[in-house]
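One structure is given below, encoded as structure tokens.
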Amino acid sequence: MSAVVNAPAHDHHEDHGHHHKQTFISKYIFSFDHKMVAKQFLITGLLMGIVGIGMSILFRIQLAWPEQSFAIFEALLGKWAPDGVMTPNIYLALVTIHGTIMVFFVLTAGLSGTFSNLLIPLQIGARDMASGFMNMLSYWLFFLACVIMLCSLFVEAGPASSGWTIYPPLSALPQAIGGSGMGMTLWLVSMALFIASQLLGGINYIVTVINLRTKGMSMTRLPLTIWAFFVTAILGLVSFPVLLSAALLLIMDRSFGTSFFLSDIFLDGEVLSHHGGSPVLFEHLFWFLGHPEVYIVILPALGITSEVVATNSRKPIFGYRAMIASILAIGFLSTIVWGHHMFVSGMNPFLGSVFTFTTLLIAIPSAVKAFNYITTLWKGNLQMNPGMLFSIGLVSTFITGGLTGIILGDSTLDINVHDTYFVVAHFHLVMGISALYGLFAGVYHWYPKMFGRMMNKNLGYIHFWVTAVGAYGVFFPMHFLGMAGLPRRYYTNTAFPYFDDLADINVIVTVCAIITALVQLVFIYNFFASMFYGKKATMNPWKSNTLEWTTPVEHIHGNWPGELPVVYRWAYDYSKTNSDGEYVITGQDYVPQNIPMQENEEDLHH
Amino acid sequence: MTVFLVIIVLALLAVTGWQISKIFELSKSPDADTSQVANNKDNENQGKLMMGFAVFLYLLMFYCFWTFTNVTLPDAASEHGGKYDNLMLISMLLIMFVQIVTQALLHYFAYKYRGEAGKKALFYADNDKLEFIWTIIPVITLAGLIIYGLFTWTDIMSVNEDEDPLVVELYAQQFSWTARYAGEDNTLGEANVRFIEGTNTLGVDKEDSYAQDDKVVRELHLPVNRPVLFKLRSQDVLHSAYFPHFRAQMNVVPGMITQFGFTPTVTTEEMRNNGDIVDKVERINDIRRENGDDSYEFDYFLLCNKICGQAHYNMQMKVIVESEADYEAWLAEQATFGESMSEE
Ligand code: HEM
Ligand SMILES: [Cu+2]
Ligand SMILES: [Cu+2]
């Protein structure tokens with residue numbers, strides 16, 4: 001199939017004639033073109049992000065001022081907020097859908113869907129994805145998943161409310177919580193579609209990277225973005241099917257009376273017939289995806305950061321091969337650490353020891369990456385574009401959040417912080433905020449490639465600084481709530497007078513969250529306004545080496561008007577000099593990948 | 001309502017900031033650089049802001065540790081808790097050290113090497129020695145942590161039957177806890193949800209002779225310095241038995257019995273006189289007085305720490321640690337399972 005889609009692109013660019021008449025529908029809606037699909041993923045992801053972050057603001061307001069009446073609750077939540085007071089059930093539903101949307105819809109589909117699609121063909125020198133059709137299908141399945149997830153918000157008994165981890169029996173039994181009825185069914189259907197979308201996308205990314213690299217583009221000349229997307233896609237392919245099977249078994253338990261996860265249950269005055277299943281089995285299956293999932297979220301962000309930091313430092317990324325090795329090591333190790341979510345689940349404590357070991361192992365490649373970023377800045381000539389700021393911000397939050405992982409990964413220490421706000425603080429910094437920064441860095445950096453215009457840098461600066469301060473303001477104090485023993489997923493802590501003195505911290509966190517969320521409007525404005533009023537971009541605004549900047553600003557089907565570019569060097573020849581101290585190309589501190597080796601240039605790298 | 005006003009004000013502030021920036025932009029002179037790529041001035045400003053941000057981050061961390069440490073849990077009230085706290089302290093010191101060093105380098109480099117037109121960056125792609133060093137250092141430190149952690153873990157999780165621990169069942173249901181003491185024979189009677197009937201809400205097997213002396217209660221009393229082994233059972237969904245003050249937690253899983261053992265070492269009375277707790281309770285009571293709530297006295301508690309439904313946030317049980325004598329006296333007053341069943 002791939003050949004069919006790719007070949008025509010080749011042909012009809014030779015004659016410079018115009019592509020077949022594209023209708024509005026084939027160009028903007030059911031588009032096969034990877035650049036259009038990327039934009040579709042991005043915009044859908046951003047819209048879902050608005051919903052997800054909006055939800056977090058609602059439940060943060062409840063946490064800071066518990067059980068008080070707010071007009072905004074009444075307006076948005078309707079019957080779930082009688083007299084403007086949020087009910088416990090909708091609190092749990094909001095937390096659940098917030099988590100689901102942010103992790104899957106924004107940071108998996110929105111981030112890797114966007115940038116894998118945009119950058120894989122452009123940076124490896126291919127005319128399109130291996131299969132444009134599958135790519136289109138991948139987006140539309142994702143879109144459908146979004147629609148169903150949003151619809152689930154409106155069902156009578158409420159949306160899924162058992163946490164984004166949907167542990168049964170709570171998620172299996174509508175008698176246990178209202179959201180486990182129709183709401184949960186829709187959640188499962190939506191996620192099944194989502195997984196299908198991820199698998200189609202993933203296969204496509206892998207095949208494209210393996211098969212469609214242009215002449216000269218060996219694996220060790222690939223930009224680190226591509227390495228990150230490649231390993232991410234493999235991880236998704238390995239782990240998403242396991243979630244699918246968990247979901248299928250759960251569906252059977254829910255609807256067909258099987259007992260995979262259920263046993264010995266007494267609810268509403270009667271004993272259920274289920275016998276012999278184990279919820280711990282579900283936890284294993286869920287986290288077999290769940291942990292790789294957090295790397296599926298963060299690896300693309302790290303890949304983007306590598307590219308943006310190198311370009312804007314005007315220096316090669318430090319330790320290119322070590323970076324690839326780290327990505328591979330992280331990819332491999334991330335599939336054998338899932339048990340660190342289950343130290344106190346009732347599984348054999350010996351398993352806990354094994355998972356502590358593998359978990360602390362994974363800290364090593366992560367540390368190597370952080371050190372390499374810092375060294376890349378050293379003696380650079382840093383161009384402080386908004387994308388660069390977000391990349392530096394990512395390194396900062398990745399370190400802060402990663403370090404607390406050393407505490408959570410230690411089975412002993414996890415005993416007392418498991419499921420407290422300490423965990424919430426940890427994963428938001430290391431995965432949520434870091435990946436979000438990666439997304440922003442990518443958008444600011446490749447916006448000119450996507451839309452042919454520049455985003456406004458001053459708005460970008462405002463966006464970055466307020467977000468950077470606000471995000472730490474939200475999540476740093478949150479560690480202390482956890483160390484005070486405060487559990488997560490609590491509708492209010494007023495049931496425990498012991499926690500009364502946490503009220504101040506909760507208010508600080510919420511105020512910072514509101515400010516941070518509001519400043520995202522600056523970004524949204526900048527994003528949409530620049531599409532129409534932004535300054536027209538030049539071909540290579542950031543003076544970058546990678547191939548995407550050799551394509552014309554105007555998008556064409558097939559990416560390059562003439563022949564495909566040929567690659568002669570790696571992607572990081574920034575500020576490379578000859579032995580006489582002059583730049584390799586006089587007056588220019590970068591050498592794009594498609595420039596052949598120059599006379600008396602030393603071959604330092606591949 | 002004031003709260004709502006605060007929010008509105010903040011919202012307006014943010015919107016104002018945004019509007020100002022737009023005006024600022026519109027008013028820029030036409031010859032200003034409009035390429036939207038960072039120029040010398042941007043590099044200069046943003047580089048300095050990076051340094052400013054580092055200062056902010058350090059102040060924030062300092063402020064948090066300074067003012068919020070007093071909300072964190074007091075010293076552990078269990079035997080293994082001391083080891084837990086120790087390991088926590090070591091890990092915390094270690095990660096804060098790394099945090100302080102790496103964040104300083106990151107932001108300092110961002111400031112120091114801020115760009116300037118015409119400046120030459122150093123082409124510096126590799127250094128095997130450097131990379132080896134910063135691979136090996138984490139390897140060694142982490143190995144130390146792992147070894148220390150694993151010894152502690154094995155120690156905590158393995159139940160020493162020779163010590164003859166007091167066996168107590170904790171029974172979880174939406175949204176309450178019940179405790180069942182094993183009685184004279186220190187052996188719990190068999191139980192299953194299929195036996196639940198009338199007042200036998202825990203589904204204890206009436207026929208089982210071990211069950212007759214079991215005692216079912218709604219408040220957990222523990223004798224100080226005696227090992228306790230909790231057997232955890234749930235009748236409906238997952239719950240988690242979390243005793244923050246004792247550094248103890250284990251999930252409660254329907255269909256299986258999980259367990260966790262610890263030895264309480266500080267009585268409720270002693271904990272109430274612990275300096276940190278005295279301060280904390282005082283602060284809490286100040287807040288409560290202001291809000292017109294009744295005053296609070298410290299007690300240990302058990303809480304549910306696994307999302308279990310709408311009242312998950314209020315699934316708790318009072319825990320009292322007392323002298324062996326007080327405990328025996330309290331226990332003697334409780335009816336046995338056999339007695340309460342025959343009353344019917
Ligand atoms: C303004 C930004 C955000 C704020 C203020 C926020 C706040 C919170 C809070 C307070 C919780 C815990 C609620 C509870 O346990 O009761 C939570 C849960 C969660 N958040 Fe966020 N969050 C934000 C952004 C994000 C992002 C970017 C992600 C992406 C990974 C994310 C993913 C999650 C997940 C996975 C959960 C767990 C949901 C669950 O417990 O089932 N959040 N969020
Ligand atoms: Cu994990
Ligand atoms: Cu519970």
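The way I read the labels, and the way they are meant: chains A, B, ... in the order of the structure tokens, residue 1 as the first residue of every chain, and ligand 1 as the first ligand shown, with later ones counted on from there.
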DSSP says helix (DSSP H, G or I) for which residues of segment 120-326 of chain B? Put them as a PDB file with N, CA and C atoms, in the first residue's frame?
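The new file states_21.pdb reads:
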ATOM      1  N   ASP B 128      34.245  11.196  26.240  1.00  0.00           N
ATOM      2  CA  ASP B 128      33.938   9.895  26.832  1.00  0.00           C
ATOM      3  C   ASP B 128      34.197   9.854  28.328  1.00  0.00           C
ATOM      4  N   LYS B 129      35.269  10.544  28.729  1.00  0.00           N
ATOM      5  CA  LYS B 129      35.622  10.486  30.138  1.00  0.00           C
ATOM      6  C   LYS B 129      34.522  11.122  30.981  1.00  0.00           C
ATOM      7  N   LEU B 130      34.110  12.308  30.533  1.00  0.00           N
ATOM      8  CA  LEU B 130      33.061  13.033  31.262  1.00  0.00           C
ATOM      9  C   LEU B 130      31.801  12.185  31.369  1.00  0.00           C
ATOM     10  N   GLU B 131      31.434  11.603  30.228  1.00  0.00           N
ATOM     11  CA  GLU B 131      30.203  10.832  30.230  1.00  0.00           C
ATOM     12  C   GLU B 131      30.325   9.601  31.109  1.00  0.00           C
ATOM     13  N   PHE B 132      31.510   9.025  31.116  1.00  0.00           N
ATOM     14  CA  PHE B 132      31.718   7.867  31.971  1.00  0.00           C
ATOM     15  C   PHE B 132      31.532   8.278  33.429  1.00  0.00           C
ATOM     16  N   ILE B 133      32.121   9.417  33.766  1.00  0.00           N
ATOM     17  CA  ILE B 133      32.031   9.863  35.161  1.00  0.00           C
ATOM     18  C   ILE B 133      30.577  10.048  35.572  1.00  0.00           C
ATOM     19  N   TRP B 134      29.814  10.731  34.716  1.00  0.00           N
ATOM     20  CA  TRP B 134      28.462  10.978  35.214  1.00  0.00           C
ATOM     21  C   TRP B 134      27.493   9.828  34.940  1.00  0.00           C
ATOM     22  N   THR B 135      28.022   8.757  34.389  1.00  0.00           N
ATOM     23  CA  THR B 135      27.216   7.538  34.420  1.00  0.00           C
ATOM     24  C   THR B 135      27.547   6.767  35.689  1.00  0.00           C
ATOM     25  N   ILE B 136      28.823   6.738  36.001  1.00  0.00           N
ATOM     26  CA  ILE B 136      29.258   5.867  37.099  1.00  0.00           C
ATOM     27  C   ILE B 136      28.843   6.438  38.462  1.00  0.00           C
ATOM     28  N   ILE B 137      28.821   7.768  38.561  1.00  0.00           N
ATOM     29  CA  ILE B 137      28.447   8.334  39.868  1.00  0.00           C
ATOM     30  C   ILE B 137      27.004   7.976  40.244  1.00  0.00           C
ATOM     31  N   PRO B 138      26.029   8.198  39.335  1.00  0.00           N
ATOM     32  CA  PRO B 138      24.683   7.732  39.685  1.00  0.00           C
ATOM     33  C   PRO B 138      24.637   6.234  39.947  1.00  0.00           C
ATOM     34  N   VAL B 139      25.413   5.463  39.186  1.00  0.00           N
ATOM     35  CA  VAL B 139      25.377   4.014  39.391  1.00  0.00           C
ATOM     36  C   VAL B 139      25.755   3.685  40.832  1.00  0.00           C
ATOM     37  N   ILE B 140      26.830   4.303  41.296  1.00  0.00           N
ATOM     38  CA  ILE B 140      27.299   3.974  42.640  1.00  0.00           C
ATOM     39  C   ILE B 140      26.311   4.450  43.705  1.00  0.00           C
ATOM     40  N   THR B 141      25.874   5.713  43.572  1.00  0.00           N
ATOM     41  CA  THR B 141      24.942   6.227  44.595  1.00  0.00           C
ATOM     42  C   THR B 141      23.656   5.412  44.601  1.00  0.00           C
ATOM     43  N   LEU B 142      23.138   5.133  43.412  1.00  0.00           N
ATOM     44  CA  LEU B 142      21.879   4.387  43.363  1.00  0.00           C
ATOM     45  C   LEU B 142      22.068   2.983  43.915  1.00  0.00           C
ATOM     46  N   ALA B 143      23.229   2.384  43.618  1.00  0.00           N
ATOM     47  CA  ALA B 143      23.462   1.043  44.158  1.00  0.00           C
ATOM     48  C   ALA B 143      23.390   1.097  45.680  1.00  0.00           C
ATOM     49  N   GLY B 144      24.014   2.109  46.260  1.00  0.00           N
ATOM     50  CA  GLY B 144      23.956   2.256  47.718  1.00  0.00           C
ATOM     51  C   GLY B 144      22.521   2.359  48.198  1.00  0.00           C
ATOM     52  N   LEU B 145      21.761   3.246  47.546  1.00  0.00           N
ATOM     53  CA  LEU B 145      20.366   3.436  47.958  1.00  0.00           C
ATOM     54  C   LEU B 145      19.565   2.149  47.810  1.00  0.00           C
ATOM     55  N   ILE B 146      19.798   1.451  46.693  1.00  0.00           N
ATOM     56  CA  ILE B 146      19.032   0.229  46.454  1.00  0.00           C
ATOM     57  C   ILE B 146      19.314  -0.777  47.556  1.00  0.00           C
ATOM     58  N   ILE B 147      20.591  -0.938  47.858  1.00  0.00           N
ATOM     59  CA  ILE B 147      20.935  -1.964  48.847  1.00  0.00           C
ATOM     60  C   ILE B 147      20.320  -1.612  50.200  1.00  0.00           C
ATOM     61  N   TYR B 148      20.508  -0.385  50.617  1.00  0.00           N
ATOM     62  CA  TYR B 148      19.932   0.051  51.881  1.00  0.00           C
ATOM     63  C   TYR B 148      18.415  -0.137  51.857  1.00  0.00           C
ATOM     64  N   GLY B 149      17.796   0.328  50.756  1.00  0.00           N
ATOM     65  CA  GLY B 149      16.344   0.250  50.652  1.00  0.00           C
ATOM     66  C   GLY B 149      15.845  -1.182  50.693  1.00  0.00           C
ATOM     67  N   LEU B 150      16.523  -2.057  49.981  1.00  0.00           N
ATOM     68  CA  LEU B 150      16.028  -3.431  49.905  1.00  0.00           C
ATOM     69  C   LEU B 150      16.140  -4.165  51.237  1.00  0.00           C
ATOM     70  N   PHE B 151      17.227  -3.888  51.974  1.00  0.00           N
ATOM     71  CA  PHE B 151      17.314  -4.518  53.295  1.00  0.00           C
ATOM     72  C   PHE B 151      16.148  -4.071  54.160  1.00  0.00           C
ATOM     73  N   THR B 152      15.891  -2.767  54.131  1.00  0.00           N
ATOM     74  CA  THR B 152      14.798  -2.246  54.949  1.00  0.00           C
ATOM     75  C   THR B 152      13.478  -2.849  54.509  1.00  0.00           C
ATOM     76  N   TRP B 153      13.283  -2.927  53.221  1.00  0.00           N
ATOM     77  CA  TRP B 153      12.027  -3.445  52.661  1.00  0.00           C
ATOM     78  C   TRP B 153      11.772  -4.883  53.115  1.00  0.00           C
ATOM     79  N   THR B 154      12.811  -5.720  52.951  1.00  0.00           N
ATOM     80  CA  THR B 154      12.645  -7.124  53.334  1.00  0.00           C
ATOM     81  C   THR B 154      12.322  -7.207  54.820  1.00  0.00           C
ATOM     82  N   ASP B 155      13.034  -6.402  55.575  1.00  0.00           N
ATOM     83  CA  ASP B 155      12.821  -6.356  57.004  1.00  0.00           C
ATOM     84  C   ASP B 155      11.370  -6.000  57.353  1.00  0.00           C
ATOM     85  N   ILE B 156      10.849  -4.990  56.670  1.00  0.00           N
ATOM     86  CA  ILE B 156       9.499  -4.524  56.982  1.00  0.00           C
ATOM     87  C   ILE B 156       8.445  -5.541  56.544  1.00  0.00           C
ATOM     88  N   MET B 157       8.667  -6.113  55.375  1.00  0.00           N
ATOM     89  CA  MET B 157       7.598  -6.926  54.796  1.00  0.00           C
ATOM     90  C   MET B 157       7.579  -8.362  55.305  1.00  0.00           C
ATOM     91  N   GLU B 161       7.023 -14.634  62.696  1.00  0.00           N
ATOM     92  CA  GLU B 161       5.981 -15.355  63.441  1.00  0.00           C
ATOM     93  C   GLU B 161       6.437 -15.682  64.870  1.00  0.00           C
ATOM     94  N   ASP B 162       7.765 -15.744  65.074  1.00  0.00           N
ATOM     95  CA  ASP B 162       8.240 -16.096  66.425  1.00  0.00           C
ATOM     96  C   ASP B 162       7.853 -15.049  67.455  1.00  0.00           C
ATOM     97  N   GLU B 163       7.737 -13.827  66.991  1.00  0.00           N
ATOM     98  CA  GLU B 163       7.426 -12.768  67.952  1.00  0.00           C
ATOM     99  C   GLU B 163       5.990 -12.832  68.418  1.00  0.00           C
ATOM    100  N   VAL B 193     -17.613 -13.403  52.166  1.00  0.00           N
ATOM    101  CA  VAL B 193     -18.789 -12.552  51.963  1.00  0.00           C
ATOM    102  C   VAL B 193     -20.067 -13.380  51.870  1.00  0.00           C
ATOM    103  N   ARG B 194     -19.933 -14.657  51.510  1.00  0.00           N
ATOM    104  CA  ARG B 194     -21.146 -15.458  51.352  1.00  0.00           C
ATOM    105  C   ARG B 194     -21.810 -15.788  52.689  1.00  0.00           C
ATOM    106  N   PHE B 195     -21.093 -15.545  53.797  1.00  0.00           N
ATOM    107  CA  PHE B 195     -21.702 -15.774  55.111  1.00  0.00           C
ATOM    108  C   PHE B 195     -22.370 -14.524  55.671  1.00  0.00           C
ATOM    109  N   SER B 209     -14.794 -22.910  64.996  1.00  0.00           N
ATOM    110  CA  SER B 209     -14.563 -22.769  66.434  1.00  0.00           C
ATOM    111  C   SER B 209     -13.578 -21.626  66.725  1.00  0.00           C
ATOM    112  N   TYR B 210     -12.655 -21.368  65.781  1.00  0.00           N
ATOM    113  CA  TYR B 210     -11.723 -20.256  65.994  1.00  0.00           C
ATOM    114  C   TYR B 210     -12.441 -18.918  66.034  1.00  0.00           C
ATOM    115  N   ALA B 211     -13.647 -18.880  65.451  1.00  0.00           N
ATOM    116  CA  ALA B 211     -14.330 -17.599  65.315  1.00  0.00           C
ATOM    117  C   ALA B 211     -15.009 -17.171  66.610  1.00  0.00           C
ATOM    118  N   PRO B 244      -0.602   6.766  58.276  1.00  0.00           N
ATOM    119  CA  PRO B 244       0.545   7.629  57.976  1.00  0.00           C
ATOM    120  C   PRO B 244       1.545   7.733  59.128  1.00  0.00           C
ATOM    121  N   HIS B 245       1.051   7.794  60.374  1.00  0.00           N
ATOM    122  CA  HIS B 245       1.985   8.010  61.486  1.00  0.00           C
ATOM    123  C   HIS B 245       2.863   6.814  61.764  1.00  0.00           C
ATOM    124  N   PHE B 246       2.429   5.650  61.284  1.00  0.00           N
ATOM    125  CA  PHE B 246       3.207   4.443  61.534  1.00  0.00           C
ATOM    126  C   PHE B 246       3.992   4.007  60.300  1.00  0.00           C
ATOM    127  N   THR B 268      -0.704   7.038  72.179  1.00  0.00           N
ATOM    128  CA  THR B 268      -1.452   8.228  71.790  1.00  0.00           C
ATOM    129  C   THR B 268      -1.110   9.377  72.733  1.00  0.00           C
ATOM    130  N   GLU B 269      -1.077   9.045  74.025  1.00  0.00           N
ATOM    131  CA  GLU B 269      -0.796  10.058  75.044  1.00  0.00           C
ATOM    132  C   GLU B 269       0.565  10.703  74.793  1.00  0.00           C
ATOM    133  N   GLU B 270       1.580   9.860  74.547  1.00  0.00           N
ATOM    134  CA  GLU B 270       2.924  10.395  74.299  1.00  0.00           C
ATOM    135  C   GLU B 270       2.940  11.249  73.040  1.00  0.00           C
ATOM    136  N   MET B 271       2.225  10.793  72.019  1.00  0.00           N
ATOM    137  CA  MET B 271       2.228  11.557  70.770  1.00  0.00           C
ATOM    138  C   MET B 271       1.563  12.911  70.971  1.00  0.00           C
ATOM    139  N   ARG B 272       0.548  12.946  71.806  1.00  0.00           N
ATOM    140  CA  ARG B 272      -0.104  14.238  72.049  1.00  0.00           C
ATOM    141  C   ARG B 272       0.847  15.228  72.697  1.00  0.00           C
ATOM    142  N   ASN B 273       1.872  14.698  73.382  1.00  0.00           N
ATOM    143  CA  ASN B 273       2.826  15.591  74.029  1.00  0.00           C
ATOM    144  C   ASN B 273       4.073  15.822  73.198  1.00  0.00           C
ATOM    145  N   GLY B 275       6.433  17.498  70.767  1.00  0.00           N
ATOM    146  CA  GLY B 275       6.517  18.928  70.484  1.00  0.00           C
ATOM    147  C   GLY B 275       5.880  19.314  69.157  1.00  0.00           C
ATOM    148  N   ASP B 276       6.199  18.560  68.099  1.00  0.00           N
ATOM    149  CA  ASP B 276       5.659  18.892  66.776  1.00  0.00           C
ATOM    150  C   ASP B 276       4.143  18.821  66.769  1.00  0.00           C
ATOM    151  N   ILE B 277       3.625  17.784  67.439  1.00  0.00           N
ATOM    152  CA  ILE B 277       2.175  17.622  67.450  1.00  0.00           C
ATOM    153  C   ILE B 277       1.507  18.711  68.284  1.00  0.00           C
ATOM    154  N   VAL B 278       2.139  19.063  69.391  1.00  0.00           N
ATOM    155  CA  VAL B 278       1.574  20.138  70.211  1.00  0.00           C
ATOM    156  C   VAL B 278       1.438  21.406  69.372  1.00  0.00           C
ATOM    157  N   ASP B 279       2.514  21.742  68.656  1.00  0.00           N
ATOM    158  CA  ASP B 279       2.476  22.940  67.805  1.00  0.00           C
ATOM    159  C   ASP B 279       1.396  22.817  66.741  1.00  0.00           C
ATOM    160  N   LYS B 280       1.381  21.662  66.131  1.00  0.00           N
ATOM    161  CA  LYS B 280       0.454  21.465  65.020  1.00  0.00           C
ATOM    162  C   LYS B 280      -0.988  21.593  65.513  1.00  0.00           C
ATOM    163  N   VAL B 281      -1.281  20.931  66.634  1.00  0.00           N
ATOM    164  CA  VAL B 281      -2.646  20.974  67.155  1.00  0.00           C
ATOM    165  C   VAL B 281      -3.027  22.400  67.531  1.00  0.00           C
ATOM    166  N   GLU B 282      -2.050  23.124  68.062  1.00  0.00           N
ATOM    167  CA  GLU B 282      -2.325  24.514  68.412  1.00  0.00           C
ATOM    168  C   GLU B 282      -2.707  25.311  67.161  1.00  0.00           C
ATOM    169  N   ARG B 283      -1.913  25.123  66.111  1.00  0.00           N
ATOM    170  CA  ARG B 283      -2.215  25.840  64.854  1.00  0.00           C
ATOM    171  C   ARG B 283      -3.583  25.444  64.326  1.00  0.00           C
ATOM    172  N   ILE B 284      -3.847  24.148  64.380  1.00  0.00           N
ATOM    173  CA  ILE B 284      -5.130  23.679  63.862  1.00  0.00           C
ATOM    174  C   ILE B 284      -6.272  24.285  64.662  1.00  0.00           C
ATOM    175  N   ASN B 285      -6.100  24.341  65.973  1.00  0.00           N
ATOM    176  CA  ASN B 285      -7.175  24.882  66.783  1.00  0.00           C
ATOM    177  C   ASN B 285      -7.378  26.379  66.567  1.00  0.00           C
ATOM    178  N   ASP B 286      -6.280  27.086  66.273  1.00  0.00           N
ATOM    179  CA  ASP B 286      -6.443  28.497  65.912  1.00  0.00           C
ATOM    180  C   ASP B 286      -7.335  28.617  64.685  1.00  0.00           C
ATOM    181  N   ILE B 287      -7.021  27.798  63.699  1.00  0.00           N
ATOM    182  CA  ILE B 287      -7.805  27.854  62.456  1.00  0.00           C
ATOM    183  C   ILE B 287      -9.255  27.486  62.740  1.00  0.00           C
ATOM    184  N   ARG B 288      -9.444  26.456  63.531  1.00  0.00           N
ATOM    185  CA  ARG B 288     -10.805  25.985  63.794  1.00  0.00           C
ATOM    186  C   ARG B 288     -11.604  27.011  64.577  1.00  0.00           C
ATOM    187  N   ARG B 289     -10.936  27.677  65.523  1.00  0.00           N
ATOM    188  CA  ARG B 289     -11.635  28.710  66.272  1.00  0.00           C
ATOM    189  C   ARG B 289     -12.133  29.790  65.325  1.00  0.00           C
ATOM    190  N   GLU B 290     -11.251  30.181  64.430  1.00  0.00           N
ATOM    191  CA  GLU B 290     -11.618  31.220  63.470  1.00  0.00           C
ATOM    192  C   GLU B 290     -12.845  30.812  62.651  1.00  0.00           C
ATOM    193  N   ASN B 291     -12.880  29.534  62.275  1.00  0.00           N
ATOM    194  CA  ASN B 291     -13.996  29.056  61.453  1.00  0.00           C
ATOM    195  C   ASN B 291     -15.198  28.650  62.276  1.00  0.00           C
ATOM    196  N   HIS B 312     -15.027   8.179  49.608  1.00  0.00           N
ATOM    197  CA  HIS B 312     -13.631   7.769  49.801  1.00  0.00           C
ATOM    198  C   HIS B 312     -12.898   8.732  50.731  1.00  0.00           C
ATOM    199  N   TYR B 313     -13.234  10.003  50.612  1.00  0.00           N
ATOM    200  CA  TYR B 313     -12.522  11.025  51.374  1.00  0.00           C
ATOM    201  C   TYR B 313     -12.828  10.968  52.865  1.00  0.00           C
ATOM    202  N   ASN B 314     -13.804  10.144  53.222  1.00  0.00           N
ATOM    203  CA  ASN B 314     -14.176  10.123  54.641  1.00  0.00           C
ATOM    204  C   ASN B 314     -14.322   8.687  55.125  1.00  0.00           C
ATOM    205  N   GLU B 324      -0.224  -1.884  77.670  1.00  0.00           N
ATOM    206  CA  GLU B 324      -0.744  -3.247  77.598  1.00  0.00           C
ATOM    207  C   GLU B 324      -1.954  -3.397  78.533  1.00  0.00           C
ATOM    208  N   ALA B 325      -1.834  -2.818  79.752  1.00  0.00           N
ATOM    209  CA  ALA B 325      -2.906  -2.962  80.749  1.00  0.00           C
ATOM    210  C   ALA B 325      -4.193  -2.301  80.264  1.00  0.00           C
ATOM    211  N   ASP B 326      -4.068  -1.063  79.766  1.00  0.00           N
ATOM    212  CA  ASP B 326      -5.259  -0.356  79.270  1.00  0.00           C
ATOM    213  C   ASP B 326      -5.898  -1.123  78.129  1.00  0.00           C
TER     214      ASP B 326
END
Item to check | Contacts with ligand 3 at most 9 Å, only C-alpha atoms and all ligand atoms counted, listed as a PyMOL selection string | outcome: chain B and resi 172-177+237-241+252+303-309+311-316
Checklist entry - Counting only C-alpha atoms and all ligand atoms, what residues are within 10 Å of ligand 2, given as a PyMOL selection string? => result chain A and resi 287-295+334-342+355+359+405+408-409+427
Item to check | Protein and nucleic acid residues within 7 Å of ligand 1 (only C-alpha atoms and all ligand atoms) as a PyMOL selection string | outcome: chain A and resi 53+56-57+60+95-96+98-100+102-103+107+163-165+424+428+431-433+436+474+488-491+510+513+516-517
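Atom CA of Glu548 of chain A is positioned 10.2 Å from atom CA of Gln593 of chain A.
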Checklist entry - Between A:Ile514, A:Leu429, A:Val443, A:Ile330, which one has atoms that come closest to Ser530 of chain A, using only C-alpha atoms? => result A:Val443
Item to check | Interface, chain B side, toward chain A (6 Å; only C-alpha atoms) as a ChimeraX atom specification | outcome: /B:36,38,43,71-73,95,106,109,113-115,121-123,125-126,153,235-237,244,247,249-251,255,258,284,305,309-310,313-314
Next on the checklist: Which residues are close to Val167 of chain B, i.e. within 10 Å by only C-alpha atoms, leaving aside same-chain residues fewer than 6 positions away? Reply as a ChimeraX atom specification.
Outcome noted: /B:180-183,185-188,227-231,261
Next on the checklist: Using only C-alpha atoms for the distances, tell me which of B:Phe260, B:Phe337, B:Tyr300, B:Tyr124 is nearest to Val217 of chain B.
Outcome noted: B:Phe337
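The space separating atom CA of Tyr437 of chain A from atom CA of Thr208 of chain A comes to 26.5 Å.
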